[in-house]
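Peer 1: Quick one: the structure is below, and I'll ask about it shortly.
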Amino acid sequence: MELKKQIQALGEEAKKLISEAIDIEKLNQIRVEFLGKKGKLKNILKTLGKLSPEERKEIGQLANKIKEELEQLLKGRQEELKKKALEEELSKNKIDITLPPHWIEAGASHPVISTLIEISETFISMGFSVAEGPEVEKEEYNFDMLNIPKDHPARDMQDTFFLNNGDVLRTHTSPVQIRTMLKQKPPIAVIAPGRVYRKDADPTHSPMFHQIEGLLVDENVTFRDLKGILKVFLETTFGKDIPIRFRPSYFPFTEPSAEVDIGCTVCGGKGCRVCKGTGWLEILGCGMVDPNVFKAVDIDPDKYTGFAFGLGVERIAMLKYRITDIRLLFTGDLRFNHQFKGIR
Ligand code: DAH
């Protein structure tokens, strides 16, 4: 029977092509060519009408059997090809999971910078904004206009770095007070964090260190306001229970002036080497802006009052993290710095 042979031959041809197909696309072509609506098998079956019922049944069964066989083969070959493609992909992008990793050491914020940012944020949260000034400063702003006269010991060559042109490396952040008040009229509430320089080097002094200056000027500002603001700052920095005391002092640019002490963070007030047996640690200088400073920047001292304060960031960082030698902060030794990972 001619038709039967034709169908079998067709089956053989398709089987061969399937086994030789090299990708899924080729498989799809074969499927369409042989089993599709207009495929070769359908075409042959169109001639079925001419046959007797028995022949029709026999051929029909044969065609179905071949169709099922081919479908099975297509499916199997498809799985094989998929697996092969995956294996190729994997061998191309090989990852050796037994290799040791390349460690990338995460950086750590320097304790001085962390402390500086933390303190700044406390004042910013109370409404202060941040002001800046240059590290190379006019002698006039660093001293004269802050009511520090020409013969004041702070100007001594021992303390101040003088430049050839008569400028200085600022010895404190207080000149930013002057710069701010020359630019802006009250109400003023600024802090000025930054580097300052002094000819000084020992376990508690470094020729470069950081200060944060504060200045608040408005009508009716009193010493009580100063105390309130500093109390918030000290409690935020050292904890709610930190003992605080204000001690009368002298600064040329404030009158009255005070120094603020906190209970020794090392011995808790009993007296130790760090607090030199007193139980107290000096933490900052402050006071009410001296009328002479207001006059120098053309602000009316009869109308306005204000307070100012200045603190050393290294000192606070040392007390907070119990660092006993300031020089450790400037060695750049990563083993030291990494001990402060995660404090911010
Ligand atoms: N400028 C002072 C210093 O470097 C610190 C200081 C004290 C700043 C009292 C102030 C202040 O604003 O009111 O030692």
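Just remember, in the structure tokens the first chain shown is A, the second B, etc., residues are 1-based per chain, and ligands are 1-based in the order shown.
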Determine, counting only C-alpha atoms, which protein, DNA and RNA residues have an atom within 8 Å of an atom of range 178-186 of chain A; residues of the same chain fewer than 2 positions away are not included. Present the result as a ChimeraX atom specification.
Peer 2: /A:131,133,141,145-146,174-176,188,217-218,293,297-299,304
Peer 1: Go through the chains and note each residue within 8 Å of ligand 1, using only C-alpha atoms and all ligand atoms, then give the set as a PyMOL selection string.
Peer 2: chain A and resi 171-174+177+211+213-215+251+253-254+257-259+284-289+307-312
Peer 1: Using only C-alpha atoms, what table do you get, as JSON lines, when you list each residue of range 118-212 of chain A with an atom no more than 12 Å from range 89-113 of chain A, its nearest pair of atoms, and their distance in Å rounded to one decimal, rows by chain then rising number?
Peer 2:
```
{"residue": "A:Glu118", "atom": "CA", "partner": "A:Ile113", "partner_atom": "CA", "distance": 8.4}
{"residue": "A:Ile119", "atom": "CA", "partner": "A:Ile113", "partner_atom": "CA", "distance": 9.9}
{"residue": "A:Ser120", "atom": "CA", "partner": "A:Ile113", "partner_atom": "CA", "distance": 10.4}
{"residue": "A:Pro193", "atom": "CA", "partner": "A:Ile113", "partner_atom": "CA", "distance": 10.4}
{"residue": "A:Gly194", "atom": "CA", "partner": "A:Ile113", "partner_atom": "CA", "distance": 10.3}
{"residue": "A:Arg195", "atom": "CA", "partner": "A:Ile113", "partner_atom": "CA", "distance": 11.1}
{"residue": "A:Phe209", "atom": "CA", "partner": "A:Val112", "partner_atom": "CA", "distance": 9.3}
{"residue": "A:His210", "atom": "CA", "partner": "A:Val112", "partner_atom": "CA", "distance": 8.1}
{"residue": "A:Gln211", "atom": "CA", "partner": "A:Val112", "partner_atom": "CA", "distance": 10.4}
{"residue": "A:Ile212", "atom": "CA", "partner": "A:Ile113", "partner_atom": "CA", "distance": 11.7}
```
Peer 1: Running DSSP on the backbone, which parts of range 23-157 of chain A land in helix (DSSP H, G or I), as JSON, numbers by chain?
Peer 2: {"A": [24, 25, 26, 27, 28, 29, 30, 31, 32, 33, 34, 35, 40, 41, 42, 43, 44, 45, 46, 47, 48, 49, 50, 53, 54, 55, 56, 57, 58, 59, 60, 61, 62, 63, 64, 65, 66, 67, 68, 69, 70, 71, 72, 73, 74, 75, 76, 77, 78, 79, 80, 81, 82, 83, 84, 85, 86, 87, 88, 89, 90, 91, 92, 111, 112, 113, 114, 115, 116, 117, 118, 119, 120, 121, 122, 123, 124, 125, 139, 140, 141, 142, 144, 145, 146, 153, 154, 155]}
Peer 1: List the neighbours of range 154-166 of chain A out to 8 Å using only C-alpha atoms; skip same-chain residues closer than 3 positions along the sequence, and give me the result as a PyMOL selection string.
Peer 2: chain A and resi 138-139+143+150-151+169-171+197-200
Peer 1: Measuring between only C-alpha atoms, which one of A:Pro248, A:Gly269, A:Pro149, A:Pro291 shows the shortest distance to Gly306 in chain A?
Peer 2: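 Closest residue, counting only C-alpha atoms: A:Pro291.
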Peer 1: Env of range 233-244 of chain A: 7 Å cut, atoms = only C-alpha atoms, seq-sep filter 5 positions within chain, self excluded. Answer as a ChimeraX atom specification.
Peer 2: /A:122,261-263
Peer 1: Okay, now the selection with N, CA and C atoms, as a JSON list (two decimals), in the first residue's frame?
Peer 2:
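The resulting selection_12.json:
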```json
[["chain", "number", "residue", "atom", "x", "y", "z"],
["A", 122, "THR", "N", 23.28, 68.78, 66.65],
["A", 122, "THR", "CA", 22.53, 69.17, 67.85],
["A", 122, "THR", "C", 22.14, 70.65, 67.76],
["A", 261, "ASP", "N", 32.29, 73.46, 82.95],
["A", 261, "ASP", "CA", 32.89, 72.18, 83.31],
["A", 261, "ASP", "C", 31.82, 71.10, 83.31],
["A", 262, "ILE", "N", 32.24, 69.88, 83.00],
["A", 262, "ILE", "CA", 31.33, 68.74, 83.22],
["A", 262, "ILE", "C", 31.99, 67.80, 84.22],
["A", 263, "GLY", "N", 31.18, 67.01, 84.89],
["A", 263, "GLY", "CA", 31.72, 66.00, 85.81],
["A", 263, "GLY", "C", 32.66, 65.09, 85.04]]
```
Peer 1: What separation in Å, quoted to one decimal, exists between CA of Gly39 in chain A and CA of Leu51 in chain A?
Peer 2: 20.7 Å
Peer 1: Considering only C-alpha atoms, can you say which of A:Glu13, A:Ile191, A:Arg56, A:Leu41 comes closest to Leu116 in chain A?
Peer 2: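 Ranking A:Glu13, A:Ile191, A:Arg56, A:Leu41 by distance to Leu116 in chain A, first place goes to A:Ile191.
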Peer 1: List as a list in words the protein and nucleic acid residues near Glu71 in chain A, meaning an atom at most 12 Å away when only C-alpha atoms are counted, but skip any in the same chain fewer than 5 places from it.
Peer 2: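 Surrounding residues, per the criterion: Gly11, Ala14, Lys15, Ile18, Leu27, Asn28, Ile30, Arg31, Val32, Phe34, Leu35, Gly36, Asn64, Lys65, Ile66, Gly76, Arg77 and Gln78 of chain A.
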Peer 1: Measure the distance from CA of Ile117 in chain A to CA of Cys264 in chain A in Å and round it to one decimal.
Peer 2: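 Separation between CA of Ile117 in chain A and CA of Cys264 in chain A: 23.0 Å.
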Peer 1: Got a sec to tell me which of range 165-231 of chain A DSSP assigns to strand (DSSP E), as an NGL selection string?
Peer 2: :A and (168-169 or 188-197 or 208-218)
